[in-house]
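upload_35.txt (compact mmCIF, C-alpha atoms and all ligand atoms) appears below.
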# COMPACT_ATOMS: atom_id res chain seq x y z
CA MET R 2 239.38 15.63 84.00
CA LYS R 3 236.57 13.26 83.11
CA SER R 4 234.41 14.61 85.90
CA ALA R 5 235.10 18.24 84.88
CA LEU R 6 234.15 17.39 81.31
CA ASP R 7 230.97 15.66 82.53
CA SER R 8 229.99 18.84 84.45
CA ILE R 9 230.51 21.07 81.41
CA PHE R 10 228.38 18.75 79.30
CA LYS R 11 225.64 18.58 81.92
CA VAL R 12 225.56 22.20 83.08
CA GLY R 13 226.74 23.92 79.90
CA PHE R 14 225.15 21.75 77.23
CA GLY R 15 222.40 19.93 79.13
CA VAL R 16 223.43 16.45 77.99
CA GLU R 17 225.17 13.48 79.63
CA LEU R 18 228.57 12.92 78.00
CA ASN R 19 228.28 9.14 78.30
CA ALA R 20 224.77 9.08 76.90
CA LEU R 21 225.97 11.16 73.97
CA SER R 22 229.12 9.23 73.22
CA GLY R 23 227.48 5.82 73.67
CA SER R 24 230.62 4.37 75.19
CA ASP R 25 233.58 5.37 77.30
CA GLU R 26 235.85 4.55 74.38
CA PHE R 27 234.26 7.17 72.11
CA ALA R 28 234.37 9.80 74.87
CA ASN R 29 238.00 8.90 75.60
CA ARG R 30 238.92 9.21 71.92
CA PHE R 31 237.36 12.66 71.83
CA THR R 32 239.06 13.73 75.09
CA LYS R 33 242.44 12.52 73.84
CA ALA R 34 242.01 14.32 70.49
CA PHE R 35 241.05 17.48 72.39
CA ASP R 36 244.06 17.34 74.76
CA ASP R 37 246.54 16.47 72.01
CA SER R 38 245.28 19.34 69.83
CA ASN R 39 245.76 21.76 72.72
CA PHE R 40 249.37 20.57 73.05
CA ILE R 41 250.09 20.67 69.29
CA VAL R 42 248.68 24.19 68.81
CA PHE R 43 250.81 25.42 71.72
CA ARG R 44 253.90 23.83 70.08
CA ARG R 45 253.43 26.18 67.12
CA TYR R 46 254.94 28.95 69.27
CA VAL R 47 258.31 27.19 69.20
CA ASP R 48 258.16 25.40 65.85
CA MET R 49 258.91 27.86 63.07
CA PHE R 50 258.19 25.25 60.39
CA TRP R 51 254.63 24.52 61.47
CA LYS R 52 253.12 26.20 58.41
CA VAL R 53 255.33 24.12 56.10
CA LYS R 54 254.27 20.97 57.97
CA ARG R 55 250.66 22.01 57.66
CA PHE R 56 251.07 22.63 53.93
CA PHE R 57 252.59 19.16 53.34
CA ASN R 58 250.30 17.62 55.96
CA ILE R 59 253.15 15.93 57.86
CA GLY R 60 254.28 15.42 61.48
CA LEU R 61 252.31 17.03 64.29
CA GLU R 62 250.26 19.09 61.83
CA ALA R 63 248.95 15.89 60.20
CA ALA R 64 248.08 14.58 63.67
CA LEU R 65 246.31 17.86 64.42
CA LYS R 66 244.21 17.54 61.28
CA ARG R 67 243.14 14.02 62.31
CA ASN R 68 242.32 15.23 65.83
CA VAL R 69 240.30 18.19 64.55
CA LYS R 70 238.21 15.77 62.47
CA ILE R 71 237.46 13.65 65.58
CA ILE R 72 236.56 16.80 67.56
CA ASP R 73 234.36 18.22 64.77
CA ASP R 74 232.46 14.95 64.30
CA PHE R 75 231.81 14.76 68.03
CA ILE R 76 230.68 18.36 68.41
CA PHE R 77 228.43 18.34 65.32
CA ASP R 78 226.87 15.18 66.75
CA LEU R 79 226.31 17.03 70.01
CA ILE R 80 224.57 19.90 68.18
CA ARG R 81 222.37 17.44 66.27
CA CYS R 82 221.45 15.52 69.48
CA LYS R 83 220.70 18.74 71.29
CA ARG R 84 218.39 19.94 68.52
CA GLU R 85 216.54 16.61 68.61
CA GLN R 86 216.32 16.75 72.40
CA MET R 87 214.87 20.25 72.29
CA GLU R 88 212.30 19.21 69.70
CA ASN R 89 211.30 16.14 71.72
CA GLU R 90 210.99 18.03 74.96
CA LYS R 91 208.93 20.64 73.13
CA LEU R 92 211.33 23.32 74.32
CA VAL R 93 209.96 23.15 77.87
CA ARG R 94 213.47 23.30 79.27
CA GLU R 95 214.88 25.55 76.56
CA LYS R 96 216.51 28.08 78.89
CA GLU R 97 218.25 25.70 81.26
CA ASP R 98 221.68 25.43 79.68
CA ILE R 99 223.97 27.65 77.65
CA LEU R 100 223.83 25.57 74.47
CA SER R 101 220.00 25.65 74.42
CA ARG R 102 220.13 29.43 74.59
CA PHE R 103 222.59 29.62 71.70
CA LEU R 104 220.46 27.20 69.68
CA MET R 105 217.39 29.34 70.28
CA GLU R 106 219.31 32.42 69.16
CA SER R 107 220.64 30.59 66.09
CA LYS R 108 217.04 30.14 64.90
CA ARG R 109 216.71 33.91 64.77
CA ASP R 110 220.03 34.40 62.98
CA PRO R 111 220.84 31.11 61.18
CA GLU R 112 223.25 32.68 58.71
CA ASN R 113 225.74 34.02 61.25
CA MET R 114 225.05 31.55 64.05
CA ASN R 115 225.59 28.48 61.87
CA ASP R 116 226.90 25.10 63.08
CA GLN R 117 230.54 26.21 62.73
CA TYR R 118 229.82 29.17 64.99
CA LEU R 119 228.06 26.92 67.52
CA ARG R 120 230.98 24.46 67.39
CA ASP R 121 233.39 27.28 68.29
CA ILE R 122 231.18 28.38 71.20
CA ILE R 123 231.05 24.81 72.54
CA LEU R 124 234.79 24.33 72.21
CA ASN R 125 235.41 27.68 73.88
CA PHE R 126 233.44 26.56 76.93
CA MET R 127 235.18 23.22 76.99
CA ILE R 128 238.64 24.74 76.77
CA ALA R 129 237.70 27.33 79.39
CA GLY R 130 236.07 24.94 81.82
CA LYS R 131 237.61 21.48 81.59
CA ASP R 132 241.35 21.66 82.11
CA THR R 133 241.22 24.74 84.33
CA SER R 134 239.29 23.37 87.30
CA ALA R 135 240.53 19.79 86.86
CA GLY R 136 244.16 20.97 86.70
CA THR R 137 243.70 23.24 89.71
CA LEU R 138 242.31 20.32 91.76
CA THR R 139 245.35 18.24 90.80
CA TRP R 140 247.73 20.92 92.11
CA PHE R 141 245.47 21.41 95.16
CA PHE R 142 245.72 17.72 96.13
CA TYR R 143 249.47 17.89 95.58
CA MET R 144 249.73 20.96 97.86
CA LEU R 145 247.66 19.21 100.55
CA HIS R 146 250.01 16.27 100.38
CA LYS R 147 253.01 18.59 100.85
CA HIS R 148 251.27 20.49 103.68
CA PRO R 149 249.60 17.97 106.02
CA LEU R 150 248.62 20.66 108.54
CA VAL R 151 246.64 22.48 105.84
CA GLN R 152 245.03 19.17 104.92
CA ASP R 153 243.97 18.61 108.58
CA LYS R 154 242.37 22.06 108.68
CA VAL R 155 240.55 21.42 105.40
CA ILE R 156 239.09 18.15 106.68
CA HIS R 157 238.12 19.75 109.98
CA GLU R 158 236.27 22.47 108.07
CA ILE R 159 234.42 19.95 105.88
CA ARG R 160 233.23 18.09 109.03
CA ASP R 161 232.22 21.35 110.66
CA ALA R 162 230.38 22.81 107.67
CA THR R 163 228.53 19.65 106.57
CA GLN R 164 227.95 18.03 109.99
CA ALA R 165 228.11 14.74 108.05
CA LYS R 166 227.94 11.38 109.85
CA ASP R 167 231.00 9.11 109.75
CA ASN R 168 229.50 6.38 107.55
CA ILE R 169 227.89 8.69 104.98
CA CYS R 170 228.15 7.68 101.29
CA ALA R 171 229.39 9.94 98.44
CA LYS R 172 225.88 10.56 97.09
CA GLU R 173 224.45 11.66 100.44
CA LEU R 174 227.51 13.75 101.18
CA SER R 175 227.28 15.62 97.87
CA ARG R 176 223.60 16.34 98.65
CA LEU R 177 224.75 18.17 101.78
CA MET R 178 226.86 20.56 99.67
CA THR R 179 224.28 23.30 99.43
CA ASP R 180 225.22 26.90 98.62
CA ASP R 181 225.01 27.73 102.33
CA VAL R 182 227.38 24.96 103.32
CA LEU R 183 229.85 25.82 100.54
CA ASP R 184 229.78 29.49 101.51
CA ARG R 185 230.82 28.51 105.06
CA MET R 186 233.97 26.79 103.74
CA HIS R 187 236.31 29.78 103.93
CA TYR R 188 239.44 27.76 104.61
CA ILE R 189 239.03 25.49 101.56
CA HIS R 190 238.24 28.57 99.48
CA ALA R 191 241.50 30.11 100.69
CA ALA R 192 243.48 26.90 100.12
CA ILE R 193 242.20 26.61 96.52
CA THR R 194 242.89 30.30 95.89
CA GLU R 195 246.41 29.90 97.28
CA THR R 196 246.90 26.94 94.91
CA LEU R 197 245.79 29.15 92.00
CA ARG R 198 248.18 31.90 93.06
CA LEU R 199 251.15 29.52 92.75
CA TYR R 200 249.75 27.28 90.00
CA PRO R 201 247.37 29.44 87.92
CA ALA R 202 245.43 27.26 85.48
CA VAL R 203 246.10 29.84 82.73
CA PRO R 204 249.78 30.52 83.43
CA THR R 205 250.32 33.09 80.72
CA ASP R 206 247.80 34.99 78.64
CA GLY R 207 248.27 37.09 75.50
CA LYS R 208 246.41 40.18 74.32
CA ILE R 209 246.61 42.50 71.31
CA SER R 210 246.19 46.21 71.81
CA VAL R 211 243.26 47.64 69.82
CA GLU R 212 244.61 51.18 70.11
CA ASP R 213 247.71 53.09 71.26
CA ASP R 214 247.87 52.92 75.03
CA VAL R 215 250.15 53.57 78.01
CA LEU R 216 250.47 50.98 80.79
CA PRO R 217 250.31 52.14 84.44
CA ASP R 218 254.13 51.92 84.70
CA GLY R 219 254.56 54.24 81.69
CA VAL R 220 255.35 51.59 79.04
CA GLU R 221 253.85 52.62 75.71
CA VAL R 222 251.95 50.05 73.65
CA LYS R 223 251.15 50.73 70.01
CA LYS R 224 247.94 49.66 68.30
CA GLY R 225 248.26 46.05 67.07
CA GLU R 226 251.15 45.15 69.39
CA GLY R 227 250.98 41.93 71.37
CA ILE R 228 251.41 41.87 75.12
CA ASN R 229 251.47 39.02 77.63
CA TYR R 230 250.81 38.91 81.33
CA MET R 231 252.18 35.97 83.29
CA ALA R 232 249.97 34.94 86.16
CA TYR R 233 252.47 32.19 87.05
CA ALA R 234 255.35 34.64 87.55
CA MET R 235 253.15 37.33 89.12
CA GLY R 236 251.91 34.86 91.76
CA ARG R 237 255.50 34.33 92.92
CA MET R 238 256.77 37.92 92.93
CA THR R 239 257.89 39.12 96.36
CA TYR R 240 257.08 42.75 95.62
CA ILE R 241 253.46 41.75 95.01
CA TRP R 242 252.99 39.07 97.71
CA GLY R 243 255.76 39.79 100.23
CA GLU R 244 258.85 37.86 101.29
CA ASP R 245 256.92 34.59 101.71
CA ALA R 246 255.59 34.75 98.12
CA VAL R 247 256.72 31.22 97.21
CA GLU R 248 255.29 29.65 100.39
CA TYR R 249 251.94 27.90 100.27
CA ARG R 250 250.01 29.68 103.03
CA PRO R 251 246.17 29.75 102.73
CA GLU R 252 246.04 31.95 105.85
CA ARG R 253 247.18 34.94 103.78
CA TRP R 254 243.63 34.98 102.32
CA LEU R 255 241.82 35.01 105.68
CA ASP R 256 241.06 37.82 108.11
CA GLU R 257 241.40 37.44 111.87
CA ASP R 258 237.94 35.79 112.04
CA GLY R 259 238.87 33.21 109.41
CA ILE R 260 236.71 34.86 106.74
CA PHE R 261 237.98 34.77 103.15
CA ARG R 262 239.34 38.15 102.06
CA PRO R 263 239.55 38.52 98.25
CA GLU R 264 242.34 40.44 96.55
CA SER R 265 241.98 42.77 93.58
CA PRO R 266 241.82 40.69 90.36
CA PHE R 267 244.55 42.97 89.02
CA LYS R 268 246.84 41.57 91.76
CA PHE R 269 245.52 37.97 91.79
CA THR R 270 245.23 37.48 88.05
CA ALA R 271 244.40 33.75 87.82
CA PHE R 272 240.91 34.56 86.49
CA GLN R 273 242.02 37.65 84.55
CA ALA R 274 240.48 41.03 85.43
CA GLY R 275 238.26 43.70 83.90
CA PRO R 276 235.31 43.21 81.54
CA ARG R 277 236.63 39.88 80.16
CA ILE R 278 237.18 38.29 83.58
CA CYS R 279 236.43 34.54 83.67
CA LEU R 280 232.71 33.93 83.30
CA GLY R 281 232.90 30.58 85.07
CA LYS R 282 234.76 31.72 88.23
CA GLU R 283 231.94 31.13 90.73
CA PHE R 284 230.91 27.91 89.00
CA ALA R 285 234.54 26.70 89.12
CA TYR R 286 234.91 27.43 92.86
CA ARG R 287 231.70 25.56 93.62
CA GLN R 288 232.64 22.63 91.44
CA MET R 289 236.15 22.41 92.95
CA LYS R 290 234.93 22.79 96.54
CA ILE R 291 232.30 20.04 96.15
CA MET R 292 234.74 17.67 94.47
CA ALA R 293 237.52 18.32 97.00
CA ALA R 294 235.20 18.11 100.01
CA VAL R 295 233.60 14.81 98.95
CA LEU R 296 236.90 13.15 98.07
CA LEU R 297 238.79 14.36 101.14
CA TYR R 298 236.01 13.49 103.56
CA LEU R 299 235.76 9.93 102.28
CA PHE R 300 239.36 9.11 101.35
CA LYS R 301 242.95 9.49 102.48
CA PHE R 302 245.39 9.83 99.58
CA ARG R 303 249.01 8.76 99.35
CA LEU R 304 251.30 9.56 96.42
CA VAL R 305 252.43 6.52 94.46
CA ASP R 306 255.92 8.01 94.27
CA GLU R 307 256.65 10.13 97.35
CA THR R 308 260.07 11.17 96.04
CA LYS R 309 258.86 12.67 92.76
CA GLU R 310 258.58 16.48 92.59
CA ALA R 311 255.64 17.52 90.44
CA THR R 312 256.38 19.63 87.42
CA TYR R 313 254.26 21.01 84.58
CA ARG R 314 253.71 20.21 80.92
CA THR R 315 253.95 23.32 78.71
CA MET R 316 250.48 23.95 77.28
CA PHE R 317 247.90 26.73 77.30
CA THR R 318 246.78 25.41 80.68
CA LEU R 319 249.02 24.36 83.57
CA HIS R 320 248.85 20.56 83.34
CA MET R 321 250.85 18.55 85.84
CA ALA R 322 253.32 16.49 83.79
CA ASP R 323 252.26 12.77 83.90
CA GLY R 324 249.34 13.64 86.22
CA LEU R 325 249.19 12.96 89.97
CA HIS R 326 249.23 9.26 90.78
CA VAL R 327 247.78 8.46 94.20
CA TYR R 328 246.54 5.52 96.26
CA ALA R 329 243.15 6.13 97.85
CA PHE R 330 242.12 4.55 101.19
CA PRO R 331 238.74 4.93 102.93
CA ARG R 332 239.15 7.54 105.67
CA THR R 333 237.10 5.71 108.32
C1 LIG H 401 240.11 27.20 88.10
C2 LIG H 401 239.24 27.44 87.17
C3 LIG H 401 239.32 28.52 86.12
C4 LIG H 401 240.30 29.46 85.89
C5 LIG H 401 241.60 29.66 86.65
C6 LIG H 401 239.87 30.25 84.76
C7 LIG H 401 240.59 31.30 84.22
C8 LIG H 401 240.18 32.05 83.14
C9 LIG H 401 240.96 33.09 82.50
C10 LIG H 401 242.36 33.51 82.88
C11 LIG H 401 240.22 33.60 81.48
C12 LIG H 401 240.62 34.71 80.50
C13 LIG H 401 241.18 34.13 79.23
C14 LIG H 401 241.42 35.21 78.19
O1 LIG H 401 240.50 35.94 77.85
O2 LIG H 401 242.50 35.32 77.70
C15 LIG H 401 238.95 32.90 81.48
C16 LIG H 401 237.92 33.15 80.59
C17 LIG H 401 236.75 32.43 80.55
N1 LIG H 401 236.38 31.41 81.38
FE1 LIG H 401 237.45 30.68 82.93
N2 LIG H 401 238.65 29.79 84.33
C18 LIG H 401 238.27 28.73 85.13
C19 LIG H 401 237.13 27.96 85.03
C20 LIG H 401 236.11 28.19 84.14
C21 LIG H 401 234.91 27.39 84.03
C22 LIG H 401 234.60 26.17 84.88
C23 LIG H 401 234.17 27.93 83.01
C24 LIG H 401 232.83 27.53 82.43
C25 LIG H 401 232.00 26.76 82.97
C26 LIG H 401 234.89 29.08 82.51
C27 LIG H 401 234.43 29.89 81.50
C28 LIG H 401 235.15 30.95 80.97
C29 LIG H 401 234.70 31.72 79.82
C30 LIG H 401 233.40 31.54 79.04
C31 LIG H 401 235.70 32.66 79.57
C32 LIG H 401 235.71 33.73 78.47
C33 LIG H 401 235.21 35.04 79.03
C34 LIG H 401 235.27 36.19 78.00
O3 LIG H 401 236.11 36.15 77.12
O4 LIG H 401 234.48 37.12 78.13
N3 LIG H 401 236.06 29.21 83.22
N4 LIG H 401 238.95 31.96 82.50

I'd like the structure from this file rewritten - as structure tokens, please.
Amino acid sequence: MKSALDSIFKVGFGVELNALSGSDEFANRFTKAFDDSNFIVFRRYVDMFWKVKRFFNIGLEAALKRNVKIIDDFIFDLIRCKREQMENEKLVREKEDILSRFLMESKRDPENMNDQYLRDIILNFMIAGKDTSAGTLTWFFYMLHKHPLVQDKVIHEIRDATQAKDNICAKELSRLMTDDVLDRMHYIHAAITETLRLYPAVPTDGKISVEDDVLPDGVEVKKGEGINYMAYAMGRMTYIWGEDAVEYRPERWLDEDGIFRPESPFKFTAFQAGPRICLGKEFAYRQMKIMAAVLLYLFKFRLVDETKEATYRTMFTLHMADGLHVYAFPRT
């Protein structure tokens, strides 16, 4: 999670999270407030008194208010730092990250693109990019543990694609992860995609119809009605994926030459489909492949509790309940 958050800060906002927060403790406080708020907002679906609690500022709603203050302070600080950074660097690198681009735009339209607007943009990227890829990697490592043969193939492919020496360090190994090398990793791509089919980071997603419509199966939807699609259930349906739908089998994504064969996003819905498909999909695959390849090449992992079956925590994203606790041993 920490590493996914670091990437979003670096690539999306062009700042180092640690440099910004000054200490791990401040960054941890922000991360905790962010995760807890995610959980509390999701709870509103099943707590019919949440508005009353918000009105009297009690219970989880009081906690949410405190968390939102921590998040706001942190994000407004980020915006201030970023503005200073851009001034100091005389805007030489203005176009390198998403936040710089929004800040440039906000100069042209300061009334609409005010700090509140920028805060929402930043949070949107953090929600979209932090828990999704970090959570998927957690389930991926769990799947590899349950399927040692898949794990062997993954490690074989990393060796093959990188041609790394046995005693290579993490820094050198990550330097070998060029676009070319990552594009050759079809098996890992398939194994991550298979993980997302069974454990989609966004397990259920809601939409509101902007006009009267008819779904492909004939169901009528009226303007303003809500509708949900459930990637988690769809990934396990036998009439979509065949009799072995609940089996973890990366090979289903590969052709006879071992090349990754994508499915229609309307069938594999983990990234949604259509004009609002995930903007960070390619970034996420790259990030997850690099992280998985470096960790698996250098370490063997063993679960702390081999008997425990992983289950999820109900939130907007598919968190593994209590996380995945592992022992790591050097592979060589
Ligand atoms: C395993 C990783 C990921 C998965 C499964 C995933 C999945 C999704 C899904 C299902 C949506 C649609 C949500 C909705 O509109 O209701 C979405 C939207 C989005 N995602 Fe991702 N995402 C992932 C990683 C990322 C990353 C790393 C980033 C950014 C760096 C990102 C940026 C976005 C953005 C900006 C949107 C909004 C697009 C729009 O509304 O036009 N995602 N993602």

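For the point (244.0, 36.2, 104.6), the residues with an atom at a distance of at most 12 Å are His187, Tyr188, His190, Ala191, Ala192, Thr194, Glu195, Trp242, Arg250, Pro251, Glu252, Arg253, Trp254, Leu255, Asp256, Glu257, Asp258, Gly259, Ile260, Phe261, Arg262, Pro263 and Glu264 of chain R, counting only C-alpha atoms.
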
Notebook entry, point to check: What do you get as a PyMOL selection string if you pick all residues at most 6 Å from ligand LIG 401 (chain H), counting all atoms listed in the file?
Noted result: chain R and resi 126+129-130+133-134+137+201-203+206+271-273+277-282+284-285

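Atom pair atom CA of R:Ala64 / atom CA of R:Thr312: separated by 25.7 Å.
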
Check: Near R:Leu299, within 9 Å and counting all atoms listed in the file, which residues show up once chain neighbours fewer than 6 positions away are dropped, as a PyMOL selection string?
Finding: chain R and resi 167-171+330-333

Check: Which polymer residues have any atom within 12 Å of an atom of R:Lys309, counting only C-alpha atoms, with same-chain residues fewer than 2 positions away left out, as a ChimeraX atom specification?
Finding: /R:143,147,304-307,311-312,322-327

Would you save the residues of that selection, restricted to C-alpha atoms, as a PDB file, in the coordinates of the input?
ATOM      1  CA  TYR R 143     249.470  17.890  95.580  1.00  0.00           C
ATOM      2  CA  LYS R 147     253.010  18.590 100.850  1.00  0.00           C
ATOM      3  CA  LEU R 304     251.300   9.560  96.420  1.00  0.00           C
ATOM      4  CA  VAL R 305     252.430   6.520  94.460  1.00  0.00           C
ATOM      5  CA  ASP R 306     255.920   8.010  94.270  1.00  0.00           C
ATOM      6  CA  GLU R 307     256.650  10.130  97.350  1.00  0.00           C
ATOM      7  CA  ALA R 311     255.640  17.520  90.440  1.00  0.00           C
ATOM      8  CA  THR R 312     256.380  19.630  87.420  1.00  0.00           C
ATOM      9  CA  ALA R 322     253.320  16.490  83.790  1.00  0.00           C
ATOM     10  CA  ASP R 323     252.260  12.770  83.900  1.00  0.00           C
ATOM     11  CA  GLY R 324     249.340  13.640  86.220  1.00  0.00           C
ATOM     12  CA  LEU R 325     249.190  12.960  89.970  1.00  0.00           C
ATOM     13  CA  HIS R 326     249.230   9.260  90.780  1.00  0.00           C
ATOM     14  CA  VAL R 327     247.780   8.460  94.200  1.00  0.00           C
TER      15      VAL R 327
END

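The space between atom CA of R:Asp37 and atom CA of R:Leu65 spans 7.7 Å.
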
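Atom to atom, atom CA of R:Glu26 and atom CA of R:Ala63 stand 22.4 Å apart.
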
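Of the residues listed (R:Arg67, R:Ser8, R:Met238, R:Asp78), R:Asp78 shows the shortest atom-to-atom separation from R:Asp116; distances use all atoms listed in the file.
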
Margin query: Residues within 12 Å of stretch 208-221 of chain R, please, as number ranges by chain. Count all atoms listed in the file; anything in the same chain fewer than 6 positions from it doesn't count.
Written below: R: 227-231, 267, 273, 277

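In this comparison, which uses all atoms listed in the file, the residue of R:Leu79, R:Ile72, R:Met316, R:Met49 approaching R:Glu17 most closely is R:Leu79.
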
Next item on the list: Could you give me, as a PyMOL selection string, the residues within 12 Å of R:Asp184, counting only C-alpha atoms and dropping anything in the same chain fewer than 6 positions from it?
Entry: chain R and resi 158-159+162-163+178+190-191+260-261+283+286-287+290-291

Checklist line | Exercise: R:Asp98 partners within 7 Å, only C-alpha atoms, chain neighbours under 2 positions left out, as an NGL selection string | finding: :R and (12-15 or 96 or 100-102)

Hey, can you spit out that residue selection with C-alpha atoms as a compact mmCIF listing (two decimals), keeping the file's coordinate frame?
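Output file result.txt is given in full below:
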# COMPACT_ATOMS: atom_id res chain seq x y z
CA VAL R 12 225.56 22.20 83.08
CA GLY R 13 226.74 23.92 79.90
CA PHE R 14 225.15 21.75 77.23
CA GLY R 15 222.40 19.93 79.13
CA LYS R 96 216.51 28.08 78.89
CA LEU R 100 223.83 25.57 74.47
CA SER R 101 220.00 25.65 74.42
CA ARG R 102 220.13 29.43 74.59

Please rebuild stretch 251-263 of chain R with N, CA, C and O atoms and return the result as a short mmCIF file (atom, residue, chain, number, x, y, z; two decimals), in the frame of the given file.
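What follows is the written file out-v4.cif:
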data_model
loop_
_atom_site.label_atom_id
_atom_site.label_comp_id
_atom_site.auth_asym_id
_atom_site.auth_seq_id
_atom_site.Cartn_x
_atom_site.Cartn_y
_atom_site.Cartn_z
N PRO R 251 247.56 29.31 102.93
CA PRO R 251 246.17 29.75 102.73
C PRO R 251 245.77 30.87 103.67
O PRO R 251 244.91 31.68 103.34
N GLU R 252 246.42 30.93 104.85
CA GLU R 252 246.04 31.95 105.85
C GLU R 252 246.18 33.37 105.31
O GLU R 252 245.53 34.28 105.82
N ARG R 253 247.01 33.57 104.28
CA ARG R 253 247.18 34.94 103.78
C ARG R 253 245.86 35.48 103.20
O ARG R 253 245.72 36.66 102.98
N TRP R 254 244.92 34.57 102.91
CA TRP R 254 243.63 34.98 102.32
C TRP R 254 242.53 35.16 103.36
O TRP R 254 241.39 35.41 103.00
N LEU R 255 242.86 34.98 104.65
CA LEU R 255 241.82 35.01 105.68
C LEU R 255 242.02 36.18 106.63
O LEU R 255 243.17 36.55 106.94
N ASP R 256 240.92 36.76 107.10
CA ASP R 256 241.06 37.82 108.11
C ASP R 256 241.15 37.17 109.49
O ASP R 256 241.13 35.94 109.62
N GLU R 257 241.20 38.01 110.53
CA GLU R 257 241.40 37.44 111.87
C GLU R 257 240.25 36.55 112.34
O GLU R 257 240.42 35.70 113.21
N ASP R 258 239.06 36.68 111.69
CA ASP R 258 237.94 35.79 112.04
C ASP R 258 237.86 34.57 111.12
O ASP R 258 236.86 33.83 111.14
N GLY R 259 238.86 34.38 110.30
CA GLY R 259 238.87 33.21 109.41
C GLY R 259 237.97 33.37 108.20
O GLY R 259 237.63 32.39 107.53
N ILE R 260 237.58 34.62 107.91
CA ILE R 260 236.71 34.86 106.74
C ILE R 260 237.58 35.16 105.52
O ILE R 260 238.54 35.93 105.63
N PHE R 261 237.20 34.57 104.38
CA PHE R 261 237.98 34.77 103.15
C PHE R 261 237.99 36.25 102.74
O PHE R 261 236.95 36.90 102.72
N ARG R 262 239.19 36.74 102.42
CA ARG R 262 239.34 38.15 102.06
C ARG R 262 239.89 38.21 100.63
O ARG R 262 241.07 37.92 100.40
N PRO R 263 239.04 38.54 99.64
CA PRO R 263 239.55 38.52 98.25
C PRO R 263 240.56 39.63 97.99
O PRO R 263 240.55 40.65 98.68
#
